[in-house]
Every structure is written in structure tokens, then in C-alpha cells.
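**Q** So that we are looking at the same thing, I have put the structure below in C-alpha cells.
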Amino acid sequence: MKLLHISDLHIGKRLCELSLLEDQAYILNQIIEIAEQEKPDAALIAGDLYDKSTPPAEAVRLCDDFLCRLAEVCPVTAIISGNHDSAERVSFGGRLMNSRGVYISPVYNGSVSPITLSDAHGEADIFLLPFIKPVHVRAAFPDEEISSYTDALRVAVEHLPIDHSRRSILVTHQYVTGASRSESEEMSVGGSDNVDAAVFAPFDYVALGHLHMPQNVGSDAVRYCGSPLKYSFSEAKGEKSVTIVDVEAKGTLALREIPLKPLRDMVQLRGDFAQLSDRVPGNPESDPFTRITLTDENDIPDAFNRLRLVYPNLLRLDYDNTRTRSGGVVEINEQAQSKSPDELLDELFVQQCGQPMSGQQRDLAMKLISEIWEGEK
């Protein structure tokens, strides 16, 4: 039985306030092409269809188009809601869609019925368990002792109608202890949302969502496929993919990654302004999303806009120099009131930048101060 495992689409997400809908449409089309080539028996979408619980209309339209196309290719499409989704909104109309082979996890109430598929090796059950918190499981099973996320998942799994004589597949959206996170995922203080991988022991494969880096946790049977796009600069050096899972006879599992190629990749660059600005201007349609860290000791006037002329998809600019490494703390002393504005400016610049102003910088600063004062009269 062949499964296509994807998750964390985050349709409607913005990166540094830039809409990613064009990039998402491009990568979702690529996933459809992979599905057409691989012809899986089922597509598993492990949560976070949307980036917001109330997604914008254009994000809903893109998601609707993607799911309709995926359902034409895959006999079964199984979807759960993630922590970014509204379980109620995602599951709306789910029972009507079952006849089209599209199965959406309802709001969790303790009762989960499997989707049963058959092949030459017999029957296989797919269980859809949306993102849940301890409070959700306590409401369903008030007599159970539940004090952690691990307790919640253990109780939820214990109440699933698992037939251990046949293959069982779980689709869920949680943070499993030991997995690697990136900056684009929500964090809980002290790792309170950790789930011990041992709770998933009854399953032949666990299709996880929530973390954006593709990775196995403990064994091949417990896997994050990762997000289809890079959603933070901490992911810049990583590669994105979809996971193809072959579950043959019970106990036999094979995984493959099929790479995804984005419309615009993501890079982080570091160096001084003169070095980084010496480049042929890029094409905004294909140039990567870029973060630049400047190492110049002096702040470069209008650096962001000047660099954006050659890096059209520059989204973030930082400095790493003596000032930023020291925290940029400016101390004000009691003698400040007796000093002239230009003396105060000189002291401020030295404290901020670790060196005095050049003659050109001082002339520019004085000119700006004069213009501001003139405007206030």
C-alpha cells in the first residue's frame, strides 16, 4: 500500500509580511504532479492546512482547488486539523465529502473510527487524530488521569479500536520528544507539549505533522514529512520534500523522499555592504527570499532599500558588529544636560558604534538636526 505523506501547508502564511500565496500555489501544483506520477492509494495530510484559524478568502480558494485536484488523483485523501487550524472550520462538510473519498477528522470527542483500505496484503486501518491538548481528552474521558500531553495521547490511543492483526496507520499532529524544531513553529514553555514516542508503539506507521523539518523520530515508523516550503530563515539550508510510504505486509515499511523545488528559495548572506552590493540585480520572480547580516561597524544610510535594488526579495536586514554584540546599551550621565547637542551626538555615536563619527557622517548629522529644528519653528 502506497501512501503520500504531507503536512504543514500553512496556506495563507506571510513571511516578513510578504504573502506567499504565489509560492504556495506553485509548490502545491508540484505535489499534484508527484501524486499523478506515484499514484498513491491514499494521501495523508497531517494538519495545518492553513496558517490561521480564520484564513483569508484567497487562502481558502487555493486550498479548495488543491484538495479537489488531489481527490481526482488519489482514491483516498485523509486530512486532520493542526494547531494552526480551526478544527470546526476544517471539518465542516466532512461527512458529505466521504463519498468522494475525502475524509476529514471531526472535532475530537473521544470517538475515532478508522478508514479501512485493502490490498494484496489484507486490510489496513488509517486513524485520524487531530491536534489535541490534555483538556480535550479530559473532556472525553473524565475518569482518566491526564496531567500531560503524553498522558493525553496515551489515553486517546488506548481508546482507538485498533486491530493488532492488521496494519494500523495513525495521522496526527503533535510534538514528539527528541524531534528538531525550527523558528517557524510555535513553542511551549519548558517543552510542556512534548509527547513520548512510546505512545505510538501500536502503529505500523505514524504520519506526523507540526514540525517543519523532515525527520524520523526514533524509528522509520514515526515520521515528520516537514512543510513543503521554508517558512523561516532557520530552515534556509534545509531541503523540502514529500514522503512516500510503502506499507506492504505487516511489519514491512519503506520510505522515500521526493524533493520539492520552490519557486523562490531562501538564503542568508553575511558580509560588508560593499561586498554584498557588488552583484548583478536579481529577478524578483525567481531570486531567493534573502536575509542579510551586515558586518560594517558604521550603519549604512538607507542600506535596506539600496540592497533591495540588487536583492529584490530582501526581507530582513541585521547588523553584527561591536555595537550589536555589546547589546547597544546607551548610558546617560548626570553631566549630559551641560553638553551641547553635537557633543551629545558624538558620545552617543561612540557608545553605539564603538568609534567616532567620520567628518562626512558628522556633517550629515548636523545638517539633519538643523533641518529638523527649522521645521519645528
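By convention here, the chains of the C-alpha cells are called A, B, ... in the order presented, each chain's residues are numbered starting at 1, and ligands are numbered starting at 1 in the order presented.
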Can you check which parts of segment 147-203 of chain A lie within 12 Å of segment 69-83 of chain A? Per residue, the shortest pair of atoms and distance in Å to one decimal, counting only C-alpha atoms, sorted by chain and number, as JSON lines.

**A**
{"residue": "A:Ile169", "atom": "CA", "partner": "A:Ala78", "partner_atom": "CA", "distance": 11.3}
{"residue": "A:Leu170", "atom": "CA", "partner": "A:Ala78", "partner_atom": "CA", "distance": 10.6}
{"residue": "A:Val171", "atom": "CA", "partner": "A:Ile80", "partner_atom": "CA", "distance": 7.3}
{"residue": "A:Thr172", "atom": "CA", "partner": "A:Ile80", "partner_atom": "CA", "distance": 7.0}
{"residue": "A:His173", "atom": "CA", "partner": "A:Gly82", "partner_atom": "CA", "distance": 5.8}
{"residue": "A:Gln174", "atom": "CA", "partner": "A:Gly82", "partner_atom": "CA", "distance": 8.3}
{"residue": "A:Tyr175", "atom": "CA", "partner": "A:Asn83", "partner_atom": "CA", "distance": 10.7}
{"residue": "A:Glu185", "atom": "CA", "partner": "A:Asn83", "partner_atom": "CA", "distance": 10.1}
{"residue": "A:Glu186", "atom": "CA", "partner": "A:Asn83", "partner_atom": "CA", "distance": 9.0}
{"residue": "A:Met187", "atom": "CA", "partner": "A:Asn83", "partner_atom": "CA", "distance": 11.4}
{"residue": "A:Asp193", "atom": "CA", "partner": "A:Asn83", "partner_atom": "CA", "distance": 11.6}

**Q** Contacts of Glu123 of chain A at 12 Å or less, counting only C-alpha atoms, minus same-chain residues fewer than 2 places along, as a list in words?

**A**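 Selected residues are Met1, Pro114, Ile115, Thr116, Leu117, Ser118, Asp119, Ala120, His121, Asp125, Ile126, Asp163, His164, Ser165, Arg166, Arg167, Ser168, Ile169, Val247, Glu248, Ala249 and Lys250 of chain A.
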
**Q** Measure the distance from atom CA of Val206 of chain A to atom CA of Arg61 of chain A in Å and round it to one decimal.

**A**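 Interatomic distance here is 29.2 Å.
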
**Q** Could you tell me how far atom CA of Gly218 of chain A lies from atom CA of Leu153 of chain A, in Å and to one decimal?

**A** 17.2 Å

**Q** Hey, what's within 8 Å of Val217 of chain A if we count only C-alpha atoms and toss same-chain stuff fewer than 2 positions away? As a PDB file with N, CA and C atoms, in the first residue's frame, please?

**A**
ATOM      1  N   VAL A 176       6.740  15.393  19.139  1.00  0.00           N
ATOM      2  CA  VAL A 176       7.281  14.187  19.753  1.00  0.00           C
ATOM      3  C   VAL A 176       8.660  14.503  20.332  1.00  0.00           C
ATOM      4  N   GLY A 178      12.318  14.811  21.356  1.00  0.00           N
ATOM      5  CA  GLY A 178      13.550  14.474  20.657  1.00  0.00           C
ATOM      6  C   GLY A 178      13.611  14.968  19.228  1.00  0.00           C
ATOM      7  N   ALA A 179      12.496  15.443  18.687  1.00  0.00           N
ATOM      8  CA  ALA A 179      12.490  15.940  17.314  1.00  0.00           C
ATOM      9  C   ALA A 179      13.071  17.355  17.264  1.00  0.00           C
ATOM     10  N   ALA A 197       7.393   9.210  22.272  1.00  0.00           N
ATOM     11  CA  ALA A 197       7.134   8.379  21.088  1.00  0.00           C
ATOM     12  C   ALA A 197       6.622   6.996  21.442  1.00  0.00           C
ATOM     13  N   GLN A 215      11.988  14.433   9.167  1.00  0.00           N
ATOM     14  CA  GLN A 215      12.816  13.667  10.095  1.00  0.00           C
ATOM     15  C   GLN A 215      12.030  12.487  10.658  1.00  0.00           C
ATOM     16  N   SER A 219      12.494   5.884  15.018  1.00  0.00           N
ATOM     17  CA  SER A 219      12.465   4.811  14.019  1.00  0.00           C
ATOM     18  C   SER A 219      11.795   5.331  12.756  1.00  0.00           C
ATOM     19  N   ASP A 220      11.896   4.561  11.675  1.00  0.00           N
ATOM     20  CA  ASP A 220      11.250   4.950  10.421  1.00  0.00           C
ATOM     21  C   ASP A 220       9.733   5.026  10.559  1.00  0.00           C
ATOM     22  N   VAL A 222       7.893   6.388  12.815  1.00  0.00           N
ATOM     23  CA  VAL A 222       7.358   7.638  13.359  1.00  0.00           C
ATOM     24  C   VAL A 222       8.056   8.772  12.624  1.00  0.00           C
ATOM     25  N   ARG A 223       7.319   9.501  11.798  1.00  0.00           N
ATOM     26  CA  ARG A 223       7.988  10.436  10.874  1.00  0.00           C
ATOM     27  C   ARG A 223       7.224  11.743  10.687  1.00  0.00           C
ATOM     28  N   TYR A 224       8.016  12.825  10.680  1.00  0.00           N
ATOM     29  CA  TYR A 224       7.562  14.121  10.194  1.00  0.00           C
ATOM     30  C   TYR A 224       7.996  14.250   8.733  1.00  0.00           C
TER      31      TYR A 224
END

**Q** Calculated over only C-alpha atoms, which of the candidates A:Asp299, A:His136, A:Pro106, A:Ile32 has the smallest distance to Ser148 of chain A?

**A**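 Checking each candidate against Ser148 of chain A, we get A:His136 as the closest.
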
**Q** When you count only C-alpha atoms, which of these residues is closest to Gln355 of chain A: A:Ile372, A:Asp8, A:Asp296, A:Ala140?

**A**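 Closest residue, counting only C-alpha atoms: A:Asp296.
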
**Q** Please return as a count of residues only: the residues of segment 128-222 of chain A that backbone DSSP assigns to alpha helix (DSSP H).

**A** 17

**Q** Please list as a ChimeraX atom specification every residue within 9 Å of Val107 of chain A, counting only C-alpha atoms and excluding residues in the same chain fewer than 3 positions away.

**A** /A:81,87-88,91,130

**Q** Please identify all polymer residues within 12 Å of Met357 of chain A, counting only C-alpha atoms, omitting same-chain residues fewer than 5 positions from it, and present them as a list in words.

**A**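 Result of the neighbour search: Glu297, Asn298, Asp299, Asp342, Glu343, Leu345, Asp346, Glu347, Leu348, Phe349, Val350, Gln351, Gln352, Arg362, Asp363, Leu364, Ala365 and Met366 of chain A.
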
**Q** Keeping only N, CA and C atoms, write the selected residues to a file as a PDB file, in the first residue's frame.

**A**
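part.pdb was written with the following content:
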ATOM      1  N   GLU A 297      31.003  48.315  10.732  1.00  0.00           N
ATOM      2  CA  GLU A 297      30.935  48.934  12.055  1.00  0.00           C
ATOM      3  C   GLU A 297      30.029  50.159  12.041  1.00  0.00           C
ATOM      4  N   ASN A 298      29.975  50.857  10.928  1.00  0.00           N
ATOM      5  CA  ASN A 298      29.088  52.015  10.794  1.00  0.00           C
ATOM      6  C   ASN A 298      27.786  51.606  10.114  1.00  0.00           C
ATOM      7  N   ASP A 299      26.668  52.139  10.617  1.00  0.00           N
ATOM      8  CA  ASP A 299      25.396  51.899   9.950  1.00  0.00           C
ATOM      9  C   ASP A 299      25.426  52.526   8.564  1.00  0.00           C
ATOM     10  N   ASP A 342      25.819  68.706  19.678  1.00  0.00           N
ATOM     11  CA  ASP A 342      26.793  67.981  18.874  1.00  0.00           C
ATOM     12  C   ASP A 342      27.723  67.135  19.733  1.00  0.00           C
ATOM     13  N   GLU A 343      28.002  67.596  20.985  1.00  0.00           N
ATOM     14  CA  GLU A 343      28.801  66.784  21.903  1.00  0.00           C
ATOM     15  C   GLU A 343      28.045  65.522  22.310  1.00  0.00           C
ATOM     16  N   LEU A 345      25.704  64.070  20.600  1.00  0.00           N
ATOM     17  CA  LEU A 345      25.625  63.192  19.441  1.00  0.00           C
ATOM     18  C   LEU A 345      26.931  62.430  19.262  1.00  0.00           C
ATOM     19  N   ASP A 346      28.059  63.132  19.476  1.00  0.00           N
ATOM     20  CA  ASP A 346      29.356  62.459  19.372  1.00  0.00           C
ATOM     21  C   ASP A 346      29.444  61.302  20.367  1.00  0.00           C
ATOM     22  N   GLU A 347      29.031  61.536  21.617  1.00  0.00           N
ATOM     23  CA  GLU A 347      29.100  60.495  22.647  1.00  0.00           C
ATOM     24  C   GLU A 347      28.166  59.333  22.319  1.00  0.00           C
ATOM     25  N   LEU A 348      26.974  59.675  21.862  1.00  0.00           N
ATOM     26  CA  LEU A 348      26.007  58.631  21.513  1.00  0.00           C
ATOM     27  C   LEU A 348      26.546  57.745  20.403  1.00  0.00           C
ATOM     28  N   PHE A 349      27.135  58.362  19.385  1.00  0.00           N
ATOM     29  CA  PHE A 349      27.654  57.585  18.257  1.00  0.00           C
ATOM     30  C   PHE A 349      28.772  56.648  18.708  1.00  0.00           C
ATOM     31  N   VAL A 350      29.663  57.127  19.553  1.00  0.00           N
ATOM     32  CA  VAL A 350      30.758  56.287  20.038  1.00  0.00           C
ATOM     33  C   VAL A 350      30.214  55.106  20.851  1.00  0.00           C
ATOM     34  N   GLN A 351      29.231  55.373  21.712  1.00  0.00           N
ATOM     35  CA  GLN A 351      28.664  54.292  22.513  1.00  0.00           C
ATOM     36  C   GLN A 351      27.928  53.274  21.657  1.00  0.00           C
ATOM     37  N   GLN A 352      27.274  53.744  20.623  1.00  0.00           N
ATOM     38  CA  GLN A 352      26.508  52.852  19.749  1.00  0.00           C
ATOM     39  C   GLN A 352      27.399  52.080  18.783  1.00  0.00           C
ATOM     40  N   ARG A 362      29.415  63.333  10.418  1.00  0.00           N
ATOM     41  CA  ARG A 362      29.088  64.425  11.340  1.00  0.00           C
ATOM     42  C   ARG A 362      28.414  65.574  10.590  1.00  0.00           C
ATOM     43  N   ASP A 363      28.909  65.890   9.393  1.00  0.00           N
ATOM     44  CA  ASP A 363      28.296  66.953   8.593  1.00  0.00           C
ATOM     45  C   ASP A 363      26.853  66.611   8.243  1.00  0.00           C
ATOM     46  N   LEU A 364      26.613  65.349   7.875  1.00  0.00           N
ATOM     47  CA  LEU A 364      25.252  64.917   7.535  1.00  0.00           C
ATOM     48  C   LEU A 364      24.342  65.010   8.748  1.00  0.00           C
ATOM     49  N   ALA A 365      24.843  64.575   9.913  1.00  0.00           N
ATOM     50  CA  ALA A 365      24.031  64.604  11.132  1.00  0.00           C
ATOM     51  C   ALA A 365      23.668  66.030  11.514  1.00  0.00           C
ATOM     52  N   MET A 366      24.636  66.933  11.453  1.00  0.00           N
ATOM     53  CA  MET A 366      24.370  68.334  11.788  1.00  0.00           C
ATOM     54  C   MET A 366      23.373  68.962  10.816  1.00  0.00           C
TER      55      MET A 366
END

**Q** Can you tell me, as a list in words, what residues are no more than 10 Å from Arg270 of chain A when counting only C-alpha atoms, ignoring any on the same chain fewer than 3 positions away?

**A**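 Using only C-alpha atoms, the neighbours found are Phe273, Gln275, Leu276, Arg291, Ile292, Thr293, Leu294, Thr295, Leu317, Asp318, Tyr319 and Asp320 of chain A.
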
**Q** When you count only C-alpha atoms, which of these residues is closest to Val155 of chain A: A:Ser53, A:Ser277, A:Ser111, A:Ser232?

**A** A:Ser111

**Q** Residues at most 10 Å from Glu58 of chain A, counting only C-alpha atoms, excluding those fewer than 3 positions away in the same chain, as a PDB file with C-alpha atoms, in the first residue's frame?

**A**
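The resulting part35.pdb:
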ATOM      1  CA  ILE A  11      -1.801  28.184   3.218  1.00  0.00           C
ATOM      2  CA  GLY A  12      -2.131  31.947   3.585  1.00  0.00           C
ATOM      3  CA  LEU A  21       0.295  32.510  -1.922  1.00  0.00           C
ATOM      4  CA  PRO A  55      -7.811  32.107   6.864  1.00  0.00           C
ATOM      5  CA  ARG A  61      -9.805  29.199  -2.572  1.00  0.00           C
ATOM      6  CA  LEU A  62      -6.268  27.871  -3.050  1.00  0.00           C
ATOM      7  CA  CYS A  63      -6.817  25.091  -0.516  1.00  0.00           C
ATOM      8  CA  ASP A  64     -10.139  24.141  -2.106  1.00  0.00           C
TER       9      ASP A  64
END

**Q** Taking the DSSP secondary structure from the backbone, can you list the residues of segment 44-264 of chain A that are strand (DSSP E), as a PyMOL selection string?

**A** chain A and resi 44-46+76-80+102-104+115-119+122-129+167-173+175-176+194-195+205-209+215-217+219-224+241-247+253-259

**Q** Keeping C-alpha atoms for every residue in the selection just given, could you write it to a file as a PDB file, in the first residue's frame?

**A**
ATOM      1  CA  LEU A  44      -2.303  11.792   4.222  1.00  0.00           C
ATOM      2  CA  ILE A  45      -2.346  15.483   5.205  1.00  0.00           C
ATOM      3  CA  ALA A  46      -1.160  15.721   8.802  1.00  0.00           C
ATOM      4  CA  VAL A  76      -8.486   8.405  -0.578  1.00  0.00           C
ATOM      5  CA  THR A  77      -7.472  11.767   0.868  1.00  0.00           C
ATOM      6  CA  ALA A  78      -7.255  11.789   4.678  1.00  0.00           C
ATOM      7  CA  ILE A  79      -6.968  15.143   6.456  1.00  0.00           C
ATOM      8  CA  ILE A  80      -6.607  16.236  10.077  1.00  0.00           C
ATOM      9  CA  VAL A 102     -12.073  12.728   1.186  1.00  0.00           C
ATOM     10  CA  TYR A 103     -12.022  12.086   4.929  1.00  0.00           C
ATOM     11  CA  ILE A 104     -11.580  14.941   7.420  1.00  0.00           C
ATOM     12  CA  ILE A 115     -10.699   4.408   7.309  1.00  0.00           C
ATOM     13  CA  THR A 116     -10.156   0.845   6.102  1.00  0.00           C
ATOM     14  CA  LEU A 117      -8.287   0.135   2.870  1.00  0.00           C
ATOM     15  CA  SER A 118      -7.498  -3.225   1.262  1.00  0.00           C
ATOM     16  CA  ASP A 119      -4.697  -4.530  -0.939  1.00  0.00           C
ATOM     17  CA  GLY A 122      -5.109  -7.584   3.503  1.00  0.00           C
ATOM     18  CA  GLU A 123      -6.782  -4.698   5.269  1.00  0.00           C
ATOM     19  CA  ALA A 124      -5.148  -1.600   6.725  1.00  0.00           C
ATOM     20  CA  ASP A 125      -6.748   0.926   9.073  1.00  0.00           C
ATOM     21  CA  ILE A 126      -5.991   4.652   8.970  1.00  0.00           C
ATOM     22  CA  PHE A 127      -6.845   6.582  12.149  1.00  0.00           C
ATOM     23  CA  LEU A 128      -7.234  10.374  12.017  1.00  0.00           C
ATOM     24  CA  LEU A 129      -6.326  12.046  15.309  1.00  0.00           C
ATOM     25  CA  ARG A 167      -1.736  -2.842   9.634  1.00  0.00           C
ATOM     26  CA  SER A 168      -2.572   0.348  11.543  1.00  0.00           C
ATOM     27  CA  ILE A 169      -1.606   3.855  10.434  1.00  0.00           C
ATOM     28  CA  LEU A 170      -2.029   6.980  12.539  1.00  0.00           C
ATOM     29  CA  VAL A 171      -2.207  10.536  11.202  1.00  0.00           C
ATOM     30  CA  THR A 172      -1.664  13.070  13.981  1.00  0.00           C
ATOM     31  CA  HIS A 173      -0.214  16.500  14.743  1.00  0.00           C
ATOM     32  CA  TYR A 175       5.470  17.457  19.048  1.00  0.00           C
ATOM     33  CA  VAL A 176       7.281  14.187  19.753  1.00  0.00           C
ATOM     34  CA  ASN A 194       6.178  17.033  24.420  1.00  0.00           C
ATOM     35  CA  VAL A 195       4.771  13.596  23.625  1.00  0.00           C
ATOM     36  CA  TYR A 205       3.357   3.987  10.618  1.00  0.00           C
ATOM     37  CA  VAL A 206       2.705   7.364  12.272  1.00  0.00           C
ATOM     38  CA  ALA A 207       2.302  10.247   9.803  1.00  0.00           C
ATOM     39  CA  LEU A 208       3.167  13.303  11.851  1.00  0.00           C
ATOM     40  CA  GLY A 209       2.623  16.977  11.274  1.00  0.00           C
ATOM     41  CA  GLN A 215      12.816  13.667  10.095  1.00  0.00           C
ATOM     42  CA  ASN A 216      12.216  10.317  11.727  1.00  0.00           C
ATOM     43  CA  VAL A 217      11.827  10.172  15.496  1.00  0.00           C
ATOM     44  CA  SER A 219      12.465   4.811  14.019  1.00  0.00           C
ATOM     45  CA  ASP A 220      11.250   4.950  10.421  1.00  0.00           C
ATOM     46  CA  ALA A 221       7.743   4.223  11.670  1.00  0.00           C
ATOM     47  CA  VAL A 222       7.358   7.638  13.359  1.00  0.00           C
ATOM     48  CA  ARG A 223       7.988  10.436  10.874  1.00  0.00           C
ATOM     49  CA  TYR A 224       7.562  14.121  10.194  1.00  0.00           C
ATOM     50  CA  SER A 241      10.218  17.036   0.150  1.00  0.00           C
ATOM     51  CA  VAL A 242       7.158  14.838   0.297  1.00  0.00           C
ATOM     52  CA  THR A 243       7.356  11.394   1.856  1.00  0.00           C
ATOM     53  CA  ILE A 244       6.234   8.268   0.004  1.00  0.00           C
ATOM     54  CA  VAL A 245       5.457   5.380   2.346  1.00  0.00           C
ATOM     55  CA  ASP A 246       5.186   1.779   1.174  1.00  0.00           C
ATOM     56  CA  VAL A 247       3.455  -0.350   3.817  1.00  0.00           C
ATOM     57  CA  LEU A 253       7.948  -0.456   5.785  1.00  0.00           C
ATOM     58  CA  ALA A 254       9.870   1.514   3.155  1.00  0.00           C
ATOM     59  CA  LEU A 255      10.208   5.314   2.946  1.00  0.00           C
ATOM     60  CA  ARG A 256      11.258   7.572   0.088  1.00  0.00           C
ATOM     61  CA  GLU A 257      11.670  11.337  -0.104  1.00  0.00           C
ATOM     62  CA  ILE A 258      10.802  13.151  -3.329  1.00  0.00           C
ATOM     63  CA  PRO A 259      12.395  16.628  -3.387  1.00  0.00           C
TER      64      PRO A 259
END

**Q** With distances taken over only C-alpha atoms, which of A:Arg306, A:Lys367, A:Lys240, A:Lys261 is nearest to Ala274 of chain A?

**A**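 Counting only C-alpha atoms, the residue closest to Ala274 of chain A is A:Arg306.
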
**Q** Have a look at A:Arg154, A:His84, A:His212, A:Lys52 and name the one nearest to Val199 of chain A; count only C-alpha atoms.

**A**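 So, comparing all the options, the nearest one is A:Arg154.
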
**Q** Between A:Leu263, A:Ile27, A:Leu368, A:Val310, which is the closest to Pro288 of chain A once you count only C-alpha atoms?

**A**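 Once distances to Pro288 of chain A are computed over only C-alpha atoms, the minimum belongs to A:Leu263.
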